[in-house]
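Asker: For reference, the structure I am asking about is given below.
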Amino acid sequence: MRFNRLMQTVRHFCKITRQVFNKRREIPRETGRVPLDCGGHSFAKMGDDKELKVLVALDFDHTVIDGNSDTHICKLAPGGQIPDHLKVLYRKDGWTQYMAEVFKLLHSAKVTREEILTCLTDIALTKGMRDLFTKLPSQHTEFIIISDSNSVFIDHILKHLGLREFFRDIYTNPAEFDESGCLRIKMYHLQDWCTLSTKNLCKGDILADYIKAREKENVHFTTVAYVGDGTNDFCPSMRLKRQDITFPRRGYSLYDHIATMELEKGLELESEICPWGSGNEILQRLLECYDDFDSSHLPSPRLRDPSAFSAL
C-alpha cells in the first residue's frame, strides 16, 4: 500500500510539473524591446530606466554545497558523537537552539575556531554550481542565499571556494566567535505569521523583502528562480508566480513535499517546477530566461500574497 501510494504521488508530481511547464510556455510574448548587447543575449530596460534582471535565490546546505555544514562539524565532538541529552533539544522549530548548544559542547571540549573552520573546508561544492555562478550573464543576474545555517559557516565556505563575490546578499542566522573562541549563534528573526516556516526563518518573507527593496532601487526581476532541497524551501517556492521557476533537488525532501502539499493541503505552486541534480541543469534552463527580456509581463505585485496559503 505504501509503495502504491508513493508511485501515485510520483505520477501526480510529474503531471503537475508538465501542466505548470506548459502554462508557462503559453505566456504571450511581445516585441518592441530595446536590445542591449551582452554575450549574445537580448536585454531590455523599461521606459523609466528601470533595469531588468533575473534573480536566483538559493538555499545553502545540500544546494550550493553538497553537504550539511551544521551536521558536518559534529564529528569534532568528543567521540565524534553528539550526546543524547543535547539531541533531545532539537525539535522542528529548535534547530538554532540545538546548534547553539553544540557549539558550546565543542568549546568545552577545547575545539578551536581554527579546527571548526578547517573542518568546513572539507565540504565539496555541489556539482555544476561553479558553472551556474560563472556562466550566467553577470550584469543581468543577481544571486542571493537564504539559509538556516549561519553567517560564519556560509561566509567562510564561500570564501574558501572563491565564490563569495557572486552573492549580492546572504540571509541567515547571525553568528560570531566570542573572545573565548566559542561560536555564538542567534535566530535571524522570531516569526509567528508563517505556518510553512520555522519560527526563526521565513524564507518567503525574506525573498519578498529583497525584491521590494530592489524595486525601490529601480531593479525589476523578469524571472525569480528559487533553488532548494528541503521542506523549509517550500514557503518561498509558494510565493513565486507563473513567470518564475522552482528548482527542487532530486532525491531530497522538497521534491516530494511539493506533491504532498498539493495532494494533502491543496497548496499548489504557480511557478514552473524544474527538478535538478546538478548546477548545470539549472544553468541550461535559466539561460533561456535571457533570450527574451520583456517588461510588459512583469506582475504586480511581483510575488504571490501569502495570506491565501499561510494559515493552514
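Chain lettering (A, B, ...) mirrors the order of the C-alpha cells, residue numbering begins at 1 for each chain separately, and ligand numbering begins at 1 in order of display.
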Taking a cut-off of 8 Å and counting only C-alpha atoms, can you build a table that, for each residue of stretch 183-254 of chain A near stretch 139-162 of chain A, reports the nearest atom pair and how far apart they are in Å (one decimal), sorted by chain then residue number, as CSV?
Answerer:
residue,atom,partner,partner_atom,distance
A:Ile185,CA,A:Asn150,CA,7.2
A:Leu201,CA,A:Asp148,CA,6.9
A:Lys203,CA,A:Ile146,CA,6.4
A:Ile206,CA,A:Ile146,CA,7.6
A:Leu207,CA,A:Ile146,CA,8.0
Asker: Please run DSSP on the backbone and report, as a PyMOL selection string, all residues within stretch 144-231 of chain A that come out as alpha helix (DSSP H).
Answerer: chain A and resi 151-161+203-216
Asker: Give me, as CSV, each residue of stretch 204-258 of chain A that comes within 8 Å of stretch 48-70 of chain A, together with its shortest interatomic pair and the distance in Å at one decimal, counting only C-alpha atoms, with rows ordered by chain and rising residue number.
Answerer:
residue,atom,partner,partner_atom,distance
A:Leu207,CA,A:Ala57,CA,7.8
A:Asn218,CA,A:Lys50,CA,4.6
A:Val219,CA,A:Glu51,CA,4.8
A:His220,CA,A:Leu52,CA,5.0
A:Phe221,CA,A:Lys53,CA,4.8
A:Thr222,CA,A:Val54,CA,5.9
A:Thr223,CA,A:Val54,CA,5.0
A:Val224,CA,A:Leu55,CA,4.8
A:Ala225,CA,A:Val56,CA,4.8
A:Tyr226,CA,A:Ala57,CA,4.9
A:Val227,CA,A:Leu58,CA,4.7
A:Gly228,CA,A:Asp59,CA,5.1
A:Asp229,CA,A:Thr63,CA,6.4
A:Asp233,CA,A:Asp59,CA,7.5
A:Arg249,CA,A:Thr63,CA,7.6
Asker: Which parts of stretch 74-305 of chain A does DSSP call strand (DSSP E) when run on the backbone here, written out as a PDB file with N, CA and C atoms, in the first residue's frame?
Answerer:
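Written output follows (result-v9.pdb):
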ATOM      1  N   THR A 141      22.135  39.368 -13.724  1.00  0.00           N
ATOM      2  CA  THR A 141      21.767  38.307 -12.791  1.00  0.00           C
ATOM      3  C   THR A 141      22.149  38.730 -11.382  1.00  0.00           C
ATOM      4  N   GLU A 142      21.278  38.427 -10.429  1.00  0.00           N
ATOM      5  CA  GLU A 142      21.615  38.613  -9.022  1.00  0.00           C
ATOM      6  C   GLU A 142      21.440  37.281  -8.301  1.00  0.00           C
ATOM      7  N   PHE A 143      22.445  36.912  -7.506  1.00  0.00           N
ATOM      8  CA  PHE A 143      22.392  35.720  -6.674  1.00  0.00           C
ATOM      9  C   PHE A 143      22.279  36.138  -5.213  1.00  0.00           C
ATOM     10  N   ILE A 144      21.377  35.497  -4.489  1.00  0.00           N
ATOM     11  CA  ILE A 144      21.309  35.663  -3.046  1.00  0.00           C
ATOM     12  C   ILE A 144      21.176  34.286  -2.399  1.00  0.00           C
ATOM     13  N   ILE A 145      21.573  34.189  -1.139  1.00  0.00           N
ATOM     14  CA  ILE A 145      21.415  32.961  -0.366  1.00  0.00           C
ATOM     15  C   ILE A 145      20.433  33.227   0.765  1.00  0.00           C
ATOM     16  N   ILE A 146      19.498  32.291   0.964  1.00  0.00           N
ATOM     17  CA  ILE A 146      18.576  32.326   2.103  1.00  0.00           C
ATOM     18  C   ILE A 146      18.682  30.967   2.786  1.00  0.00           C
ATOM     19  N   SER A 147      19.316  30.932   3.963  1.00  0.00           N
ATOM     20  CA  SER A 147      19.686  29.651   4.555  1.00  0.00           C
ATOM     21  C   SER A 147      19.481  29.645   6.063  1.00  0.00           C
ATOM     22  N   ASP A 148      19.175  28.470   6.587  1.00  0.00           N
ATOM     23  CA  ASP A 148      19.031  28.282   8.031  1.00  0.00           C
ATOM     24  C   ASP A 148      20.338  27.825   8.669  1.00  0.00           C
ATOM     25  N   SER A 149      21.454  27.998   7.963  1.00  0.00           N
ATOM     26  CA  SER A 149      22.766  27.721   8.531  1.00  0.00           C
ATOM     27  C   SER A 149      23.179  28.925   9.386  1.00  0.00           C
ATOM     28  N   ASN A 150      24.369  29.438   9.222  1.00  0.00           N
ATOM     29  CA  ASN A 150      24.763  30.632   9.965  1.00  0.00           C
ATOM     30  C   ASN A 150      25.809  31.416   9.176  1.00  0.00           C
ATOM     31  N   PHE A 167      27.621  36.669  -4.693  1.00  0.00           N
ATOM     32  CA  PHE A 167      26.357  36.817  -3.970  1.00  0.00           C
ATOM     33  C   PHE A 167      26.175  38.255  -3.494  1.00  0.00           C
ATOM     34  N   ARG A 168      25.095  38.848  -3.928  1.00  0.00           N
ATOM     35  CA  ARG A 168      24.822  40.225  -3.543  1.00  0.00           C
ATOM     36  C   ARG A 168      24.445  40.324  -2.076  1.00  0.00           C
ATOM     37  N   ASP A 169      23.689  39.342  -1.571  1.00  0.00           N
ATOM     38  CA  ASP A 169      23.297  39.329  -0.165  1.00  0.00           C
ATOM     39  C   ASP A 169      23.185  37.897   0.334  1.00  0.00           C
ATOM     40  N   ILE A 170      23.391  37.728   1.636  1.00  0.00           N
ATOM     41  CA  ILE A 170      23.220  36.426   2.289  1.00  0.00           C
ATOM     42  C   ILE A 170      22.332  36.640   3.511  1.00  0.00           C
ATOM     43  N   TYR A 171      21.256  35.870   3.591  1.00  0.00           N
ATOM     44  CA  TYR A 171      20.305  35.961   4.693  1.00  0.00           C
ATOM     45  C   TYR A 171      20.337  34.652   5.477  1.00  0.00           C
ATOM     46  N   THR A 172      20.795  34.732   6.714  1.00  0.00           N
ATOM     47  CA  THR A 172      20.937  33.535   7.528  1.00  0.00           C
ATOM     48  C   THR A 172      21.027  33.930   8.991  1.00  0.00           C
ATOM     49  N   ASN A 173      21.098  32.944   9.869  1.00  0.00           N
ATOM     50  CA  ASN A 173      21.216  33.221  11.300  1.00  0.00           C
ATOM     51  C   ASN A 173      22.584  33.841  11.591  1.00  0.00           C
ATOM     52  N   ALA A 175      26.025  34.820  13.371  1.00  0.00           N
ATOM     53  CA  ALA A 175      26.897  34.096  14.295  1.00  0.00           C
ATOM     54  C   ALA A 175      28.251  34.786  14.344  1.00  0.00           C
ATOM     55  N   GLU A 176      28.963  34.568  15.447  1.00  0.00           N
ATOM     56  CA  GLU A 176      30.319  35.089  15.583  1.00  0.00           C
ATOM     57  C   GLU A 176      31.024  34.343  16.713  1.00  0.00           C
ATOM     58  N   PHE A 177      32.350  34.306  16.635  1.00  0.00           N
ATOM     59  CA  PHE A 177      33.144  33.737  17.720  1.00  0.00           C
ATOM     60  C   PHE A 177      33.339  34.806  18.791  1.00  0.00           C
ATOM     61  N   LEU A 183      31.667  29.749  19.423  1.00  0.00           N
ATOM     62  CA  LEU A 183      30.807  30.257  18.356  1.00  0.00           C
ATOM     63  C   LEU A 183      29.404  30.489  18.897  1.00  0.00           C
ATOM     64  N   ARG A 184      28.927  31.722  18.786  1.00  0.00           N
ATOM     65  CA  ARG A 184      27.599  32.093  19.267  1.00  0.00           C
ATOM     66  C   ARG A 184      26.682  32.338  18.075  1.00  0.00           C
ATOM     67  N   ILE A 185      25.467  31.801  18.142  1.00  0.00           N
ATOM     68  CA  ILE A 185      24.511  31.938  17.057  1.00  0.00           C
ATOM     69  C   ILE A 185      23.203  32.492  17.587  1.00  0.00           C
ATOM     70  N   VAL A 219      15.315  48.240  -9.854  1.00  0.00           N
ATOM     71  CA  VAL A 219      15.674  46.938 -10.409  1.00  0.00           C
ATOM     72  C   VAL A 219      14.454  46.031 -10.328  1.00  0.00           C
ATOM     73  N   HIS A 220      14.060  45.468 -11.467  1.00  0.00           N
ATOM     74  CA  HIS A 220      12.915  44.564 -11.523  1.00  0.00           C
ATOM     75  C   HIS A 220      13.357  43.222 -12.090  1.00  0.00           C
ATOM     76  N   PHE A 221      12.734  42.151 -11.607  1.00  0.00           N
ATOM     77  CA  PHE A 221      13.137  40.797 -11.986  1.00  0.00           C
ATOM     78  C   PHE A 221      12.100  40.162 -12.899  1.00  0.00           C
ATOM     79  N   THR A 222      12.502  39.905 -14.137  1.00  0.00           N
ATOM     80  CA  THR A 222      11.598  39.254 -15.080  1.00  0.00           C
ATOM     81  C   THR A 222      11.362  37.799 -14.705  1.00  0.00           C
ATOM     82  N   THR A 223      12.374  37.174 -14.129  1.00  0.00           N
ATOM     83  CA  THR A 223      12.257  35.803 -13.635  1.00  0.00           C
ATOM     84  C   THR A 223      12.861  35.734 -12.241  1.00  0.00           C
ATOM     85  N   VAL A 224      12.146  35.098 -11.319  1.00  0.00           N
ATOM     86  CA  VAL A 224      12.688  34.786  -9.997  1.00  0.00           C
ATOM     87  C   VAL A 224      12.817  33.274  -9.918  1.00  0.00           C
ATOM     88  N   ALA A 225      14.028  32.797  -9.693  1.00  0.00           N
ATOM     89  CA  ALA A 225      14.277  31.364  -9.558  1.00  0.00           C
ATOM     90  C   ALA A 225      14.619  31.063  -8.111  1.00  0.00           C
ATOM     91  N   TYR A 226      14.006  30.018  -7.575  1.00  0.00           N
ATOM     92  CA  TYR A 226      14.356  29.579  -6.220  1.00  0.00           C
ATOM     93  C   TYR A 226      14.897  28.159  -6.300  1.00  0.00           C
ATOM     94  N   VAL A 227      16.104  27.956  -5.749  1.00  0.00           N
ATOM     95  CA  VAL A 227      16.793  26.672  -5.816  1.00  0.00           C
ATOM     96  C   VAL A 227      16.955  26.141  -4.398  1.00  0.00           C
ATOM     97  N   GLY A 228      16.417  24.953  -4.132  1.00  0.00           N
ATOM     98  CA  GLY A 228      16.499  24.420  -2.776  1.00  0.00           C
ATOM     99  C   GLY A 228      16.380  22.918  -2.728  1.00  0.00           C
ATOM    100  N   ILE A 245      10.483  30.155 -11.592  1.00  0.00           N
ATOM    101  CA  ILE A 245      10.865  28.744 -11.635  1.00  0.00           C
ATOM    102  C   ILE A 245      11.286  28.277 -10.241  1.00  0.00           C
ATOM    103  N   THR A 246      10.726  27.167  -9.813  1.00  0.00           N
ATOM    104  CA  THR A 246      11.178  26.483  -8.603  1.00  0.00           C
ATOM    105  C   THR A 246      12.050  25.306  -9.005  1.00  0.00           C
ATOM    106  N   PHE A 247      13.237  25.228  -8.412  1.00  0.00           N
ATOM    107  CA  PHE A 247      14.181  24.146  -8.686  1.00  0.00           C
ATOM    108  C   PHE A 247      14.326  23.278  -7.439  1.00  0.00           C
ATOM    109  N   PRO A 248      13.546  22.178  -7.312  1.00  0.00           N
ATOM    110  CA  PRO A 248      13.741  21.254  -6.179  1.00  0.00           C
ATOM    111  C   PRO A 248      14.782  20.199  -6.533  1.00  0.00           C
ATOM    112  N   GLU A 272       6.787  27.407 -12.633  1.00  0.00           N
ATOM    113  CA  GLU A 272       7.288  26.199 -13.272  1.00  0.00           C
ATOM    114  C   GLU A 272       8.093  25.408 -12.247  1.00  0.00           C
ATOM    115  N   ILE A 273       8.033  24.083 -12.326  1.00  0.00           N
ATOM    116  CA  ILE A 273       8.794  23.216 -11.434  1.00  0.00           C
ATOM    117  C   ILE A 273       9.840  22.488 -12.266  1.00  0.00           C
TER     118      ILE A 273
END
Asker: Hey, which of A:Ile282, A:Leu86, A:Ala213, A:Asp256 ends up closest to A:Lys104? Count only C-alpha atoms.
Answerer: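 Residue with the minimum atom-to-atom distance to A:Lys104: A:Leu86.
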Asker: So which residues touch A:Lys75 within 10 Å, counting only C-alpha atoms, skipping near sequence neighbours fewer than 5 positions away, as JSON, numbers by chain?
Answerer: {"A": [80, 81, 82, 106, 119]}
Asker: Between A:Val111, A:Glu165, A:Gly128, A:Gly79, which has the minimum distance to A:Glu281 (counting only C-alpha atoms)?
Answerer: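 Smallest separation from A:Glu281 among the options: A:Gly128.
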Asker: Report as a PyMOL selection string all protein, DNA and RNA residues lying within 7 Å of A:Phe103, evaluated on only C-alpha atoms, omitting residues in the same chain fewer than 4 positions from it.
Answerer: chain A and resi 99+107+182-183
Asker: Tell me which protein, DNA and RNA residues are within 10 Å of A:Leu196, counting only C-alpha atoms, leaving out same-chain ones fewer than 3 positions away, and put them as a list in words.
Answerer: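 The filter keeps Trp193, Lys199, Cys202, Lys203, Gly204, Thr231, Asn232, Asp233, Phe234, Cys235, Pro236, Met238, Phe309, Ser310, Ala311 and Leu312 of chain A.
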Asker: Those selected residues, please, written with N, CA, C and O atoms and delivered as a JSON list (two decimals), in the first residue's frame.
Answerer:
[["chain", "number", "residue", "atom", "x", "y", "z"],
["A", 193, "TRP", "N", 4.00, 34.40, 11.91],
["A", 193, "TRP", "CA", 3.00, 34.68, 10.88],
["A", 193, "TRP", "C", 2.97, 33.64, 9.76],
["A", 193, "TRP", "O", 2.01, 33.60, 8.99],
["A", 199, "LYS", "N", 10.20, 28.99, 13.16],
["A", 199, "LYS", "CA", 9.99, 30.27, 13.83],
["A", 199, "LYS", "C", 11.15, 31.24, 13.66],
["A", 199, "LYS", "O", 10.98, 32.45, 13.82],
["A", 202, "CYS", "N", 11.57, 32.76, 8.05],
["A", 202, "CYS", "CA", 10.57, 32.67, 6.99],
["A", 202, "CYS", "C", 11.24, 33.10, 5.69],
["A", 202, "CYS", "O", 11.44, 34.28, 5.42],
["A", 203, "LYS", "N", 11.61, 32.12, 4.89],
["A", 203, "LYS", "CA", 12.34, 32.41, 3.66],
["A", 203, "LYS", "C", 11.48, 33.17, 2.65],
["A", 203, "LYS", "O", 12.00, 33.97, 1.87],
["A", 204, "GLY", "N", 10.18, 32.92, 2.65],
["A", 204, "GLY", "CA", 9.29, 33.63, 1.74],
["A", 204, "GLY", "C", 9.28, 35.12, 2.00],
["A", 204, "GLY", "O", 9.31, 35.94, 1.07],
["A", 231, "THR", "N", 12.22, 21.00, 3.05],
["A", 231, "THR", "CA", 10.83, 21.42, 3.21],
["A", 231, "THR", "C", 10.72, 22.90, 3.59],
["A", 231, "THR", "O", 9.70, 23.53, 3.32],
["A", 232, "ASN", "N", 11.77, 23.46, 4.20],
["A", 232, "ASN", "CA", 11.71, 24.89, 4.53],
["A", 232, "ASN", "C", 11.91, 25.77, 3.30],
["A", 232, "ASN", "O", 11.84, 27.00, 3.38],
["A", 233, "ASP", "N", 12.13, 25.14, 2.14],
["A", 233, "ASP", "CA", 12.20, 25.87, 0.88],
["A", 233, "ASP", "C", 10.85, 25.91, 0.17],
["A", 233, "ASP", "O", 10.72, 26.50, -0.91],
["A", 234, "PHE", "N", 9.84, 25.31, 0.79],
["A", 234, "PHE", "CA", 8.51, 25.31, 0.18],
["A", 234, "PHE", "C", 7.86, 26.68, 0.25],
["A", 234, "PHE", "O", 7.22, 27.12, -0.70],
["A", 235, "CYS", "N", 8.02, 27.37, 1.37],
["A", 235, "CYS", "CA", 7.40, 28.69, 1.53],
["A", 235, "CYS", "C", 7.81, 29.67, 0.44],
["A", 235, "CYS", "O", 6.95, 30.26, -0.22],
["A", 236, "PRO", "N", 9.12, 29.89, 0.20],
["A", 236, "PRO", "CA", 9.48, 30.81, -0.88],
["A", 236, "PRO", "C", 9.03, 30.32, -2.25],
["A", 236, "PRO", "O", 8.73, 31.13, -3.14],
["A", 238, "MET", "N", 6.26, 28.78, -2.87],
["A", 238, "MET", "CA", 4.84, 29.13, -2.98],
["A", 238, "MET", "C", 4.63, 30.60, -3.35],
["A", 238, "MET", "O", 3.60, 30.96, -3.91],
["A", 309, "PHE", "N", -2.43, 31.25, 1.61],
["A", 309, "PHE", "CA", -1.99, 29.87, 1.88],
["A", 309, "PHE", "C", -1.18, 29.71, 3.16],
["A", 309, "PHE", "O", -0.78, 28.59, 3.48],
["A", 310, "SER", "N", -0.95, 30.77, 3.92],
["A", 310, "SER", "CA", -0.10, 30.64, 5.11],
["A", 310, "SER", "C", -0.86, 30.12, 6.32],
["A", 310, "SER", "O", -0.28, 29.54, 7.22],
["A", 311, "ALA", "N", -2.17, 30.32, 6.37],
["A", 311, "ALA", "CA", -2.95, 29.87, 7.53],
["A", 311, "ALA", "C", -3.51, 28.48, 7.27],
["A", 311, "ALA", "O", -4.54, 28.31, 6.64],
["A", 312, "LEU", "N", -2.79, 27.47, 7.70],
["A", 312, "LEU", "CA", -3.22, 26.09, 7.48],
["A", 312, "LEU", "C", -4.04, 25.58, 8.65],
["A", 312, "LEU", "O", -3.81, 25.95, 9.77]]
